[in-house]
Amino acid sequence: EATTTVEDIQVQVGRTGALTPVAVLKAVQVGGITITHATLHNYDEIQRLGLKIGDTVIVSRAGDVIPQVTKVLAELRTGKEKEFQMPKVCPVDGSRVVKDGVAYKCGNPNCGARHRESLYHFVGVFGMDGVGPKIVDRFLDEGLISDAADIFTVQKGDVAALERFGEKSAENVVNEIQTRKKVSLHRFMGALGILHVGEETARLLAQRIVVSSKQKVVRPKQILDVVDQWSLEQLQEIPDVGPAVAESIYQYFQDKKNRDLIKKFDKVGVTLD
């Protein structure tokens, strides 16, 4: 057991579309491993604990899940703590969230599977050979990631705390992820999973971004500065990009969720070459 503070509560969407609240902790050692996340299971558990964002808590590590919050030290509150509410719409696809017993789920039954496939695609294009589908599934199920950018924030201790992961294998996984932070622009464009954009179109799109940019594109958010200048007609000037593909690319970069994800890649240190 150890005492730490809850810096945030994030909602992760698992393989089945179930929403799991996860406590983001001030880094703390539990059983010889430094951890930064603890599962909160469901909203009922948060209410049972009386947990607020900013609370000082006791966390314990047992079994095959990431550490759990076992007690809130309410007497240490300062008055700055905040109540947590489950979202009304799914963080992944914006569908209405529905309650199913104690669980909250995305109202779109295909959401979890589609989300999972997009993450498999991402790690594949980024060449993360040591991070296969089973590891992605595990990260999702334990609430360590909710989108592709989160993969770059996974800490060694959070992985080492999982069943069948020792410190060495956790170190290997995290090192594999960190060595893939630099990627070519065309691979990055392909990894985004834009509808109708395969490897060749991603390459042509990257070439056009380089030509259109007035500076070397080394950070993901610079892509937004370039594509924001493009019209649908200009997209169709790219070889092999017809009306349907142009529309798909255009709409992708209009979507706030996609834009936020690209900015998040920037924040976690992904760079382009």
# chains A, B, ... in the order shown; residues from 1 in each chain; ligands from 1
$ closest_atom_pairs --of "stretch 121-223 of chain A" --to "stretch 30-35 of chain A" --cutoff "8 Å" --atoms "only C-alpha atoms" --output "CSV"
residue,atom,partner,partner_atom,distance
A:Gln155,CA,A:Ile35,CA,7.5
A:Lys156,CA,A:Thr34,CA,7.8
A:Gly157,CA,A:Thr34,CA,4.8
A:Asp158,CA,A:Ile35,CA,5.1
A:Ala160,CA,A:Ile33,CA,7.3
A:Ala161,CA,A:Ile33,CA,7.2
$ write_last_selection --atoms "C-alpha atoms" --output "PDB file, in the first residue's frame"
ATOM      1  CA  GLN A 155       5.007   4.179 -17.885  1.00  0.00           C
ATOM      2  CA  LYS A 156       7.202   1.177 -17.116  1.00  0.00           C
ATOM      3  CA  GLY A 157       5.746   0.782 -13.615  1.00  0.00           C
ATOM      4  CA  ASP A 158       2.155   0.718 -14.887  1.00  0.00           C
ATOM      5  CA  ALA A 160       5.170  -3.993 -14.711  1.00  0.00           C
ATOM      6  CA  ALA A 161       2.174  -4.013 -12.340  1.00  0.00           C
TER       7      ALA A 161
END
$ residues_around --residues "A:Lys264" --least-positions-apart "5" --cutoff "12 Å" --atoms "only C-alpha atoms" --output "PyMOL selection string"
chain A and resi 147-153+219-221+257-259+269-271
$ write_last_selection --atoms "N, CA and C atoms" --output "CSV table (one decimal), in the first residue's frame"
chain,number,residue,atom,x,y,z
A,147,ASP,N,-6.5,6.4,-26.4
A,147,ASP,CA,-6.3,6.7,-27.8
A,147,ASP,C,-4.9,6.4,-28.2
A,148,ALA,N,-4.5,6.6,-29.5
A,148,ALA,CA,-3.2,6.2,-29.9
A,148,ALA,C,-2.1,7.1,-29.3
A,149,ALA,N,-2.4,8.3,-29.0
A,149,ALA,CA,-1.3,9.2,-28.4
A,149,ALA,C,-1.0,8.7,-27.0
A,150,ASP,N,-2.0,8.2,-26.3
A,150,ASP,CA,-1.8,7.7,-24.9
A,150,ASP,C,-0.7,6.6,-24.8
A,151,ILE,N,-0.5,5.8,-25.9
A,151,ILE,CA,0.5,4.7,-26.0
A,151,ILE,C,1.8,5.3,-25.6
A,152,PHE,N,2.1,6.5,-26.0
A,152,PHE,CA,3.4,7.1,-25.7
A,152,PHE,C,3.6,7.6,-24.3
A,153,THR,N,2.5,7.6,-23.5
A,153,THR,CA,2.6,8.1,-22.1
A,153,THR,C,2.6,6.9,-21.1
A,219,ARG,N,6.7,18.7,-36.6
A,219,ARG,CA,5.7,18.5,-35.5
A,219,ARG,C,4.3,18.2,-36.0
A,220,PRO,N,3.6,17.3,-35.4
A,220,PRO,CA,2.3,16.9,-35.9
A,220,PRO,C,1.3,18.1,-36.1
A,221,LYS,N,1.4,19.1,-35.1
A,221,LYS,CA,0.4,20.2,-35.2
A,221,LYS,C,0.6,21.1,-36.4
A,257,LYS,N,-12.3,16.2,-32.6
A,257,LYS,CA,-11.7,15.1,-31.9
A,257,LYS,C,-10.4,14.7,-32.6
A,258,ASN,N,-10.4,14.6,-33.9
A,258,ASN,CA,-9.2,14.3,-34.7
A,258,ASN,C,-8.1,15.4,-34.5
A,259,ARG,N,-8.5,16.6,-34.6
A,259,ARG,CA,-7.6,17.7,-34.4
A,259,ARG,C,-6.9,17.7,-33.0
A,269,GLY,N,5.3,14.2,-27.6
A,269,GLY,CA,6.7,14.2,-28.1
A,269,GLY,C,6.9,13.5,-29.4
A,270,VAL,N,5.8,13.2,-30.2
A,270,VAL,CA,6.0,12.5,-31.5
A,270,VAL,C,6.6,13.6,-32.4
A,271,THR,N,7.6,13.2,-33.2
A,271,THR,CA,8.2,14.1,-34.2
A,271,THR,C,8.3,13.5,-35.5
$ residues_around --residues "A:Asp8" --least-positions-apart "3" --cutoff "9 Å" --atoms "only C-alpha atoms" --output "list in words"
Val22, Ala23, Val24, Leu25, Lys52, Ile53 and Gly54 of chain A
$ residues_around --residues "A:Asp225" --least-positions-apart "2" --cutoff "12 Å" --atoms "only C-alpha atoms" --output "MDAnalysis selection string"
chainID A and resid 209:210 212:215 217 219:223 227:230 253 259 262:263
$ closest_residue --among "A:Leu19, A:Ile177, A:Ile145, A:Val125" --to "A:Asp100" --atoms "only C-alpha atoms"
A:Leu19
$ residues_around --residues "A:Glu45" --least-positions-apart "2" --cutoff "12 Å" --atoms "only C-alpha atoms" --output "ChimeraX atom specification"
/A:20-23,39-43,47-52,68-72,84,102-103
$ residues_around --residues "A:Tyr120" --least-positions-apart "3" --cutoff "6 Å" --atoms "only C-alpha atoms" --output "PyMOL selection string"
chain A and resi 117+123+133
$ write_last_selection --atoms "C-alpha atoms" --output "tab-separated table (two decimals), in the first residue's frame"
chain	number	residue	atom	x	y	z
A	117	GLU	CA	-8.81	-2.11	-34.77
A	123	VAL	CA	1.00	0.44	-33.79
A	133	PRO	CA	-2.73	-6.79	-30.41
$ select_by_dssp --residues "stretch 34-147 of chain A" --states "strand (DSSP E or B)" --output "count of residues only"
28
$ closest_residue --among "A:Leu185, A:Met128, A:Ala206, A:Val92" --to "A:Cys111" --atoms "only C-alpha atoms"
A:Val92
$ closest_residue --among "A:Gln29, A:Val245, A:Arg180, A:Thr36" --to "A:Phe122" --atoms "only C-alpha atoms"
A:Arg180
$ closest_residue --among "A:Gly127, A:Gly79, A:Pro87, A:Pro239" --to "A:Arg208" --atoms "only C-alpha atoms"
A:Pro239
$ select_by_dssp --residues "stretch 50-216 of chain A" --states "alpha helix (DSSP H)" --output "PyMOL selection string"
chain A and resi 111-125+133-141+156-160+167-178+185-191+199-212
$ closest_residue --among "A:Ile194, A:Asp240, A:Val268, A:Lys216" --to "A:Gln178" --atoms "only C-alpha atoms"
A:Val268
$ residues_around --residues "A:Asn110" --least-positions-apart "6" --cutoff "12 Å" --atoms "only C-alpha atoms" --output "JSON, numbers by chain"
{"A": [14, 15, 16, 17, 18, 92, 93, 95, 116, 117]}
$ closest_residue --among "A:Asp55, A:Ala246, A:Lys182, A:Glu171" --to "A:Leu272" --atoms "only C-alpha atoms"
A:Lys182
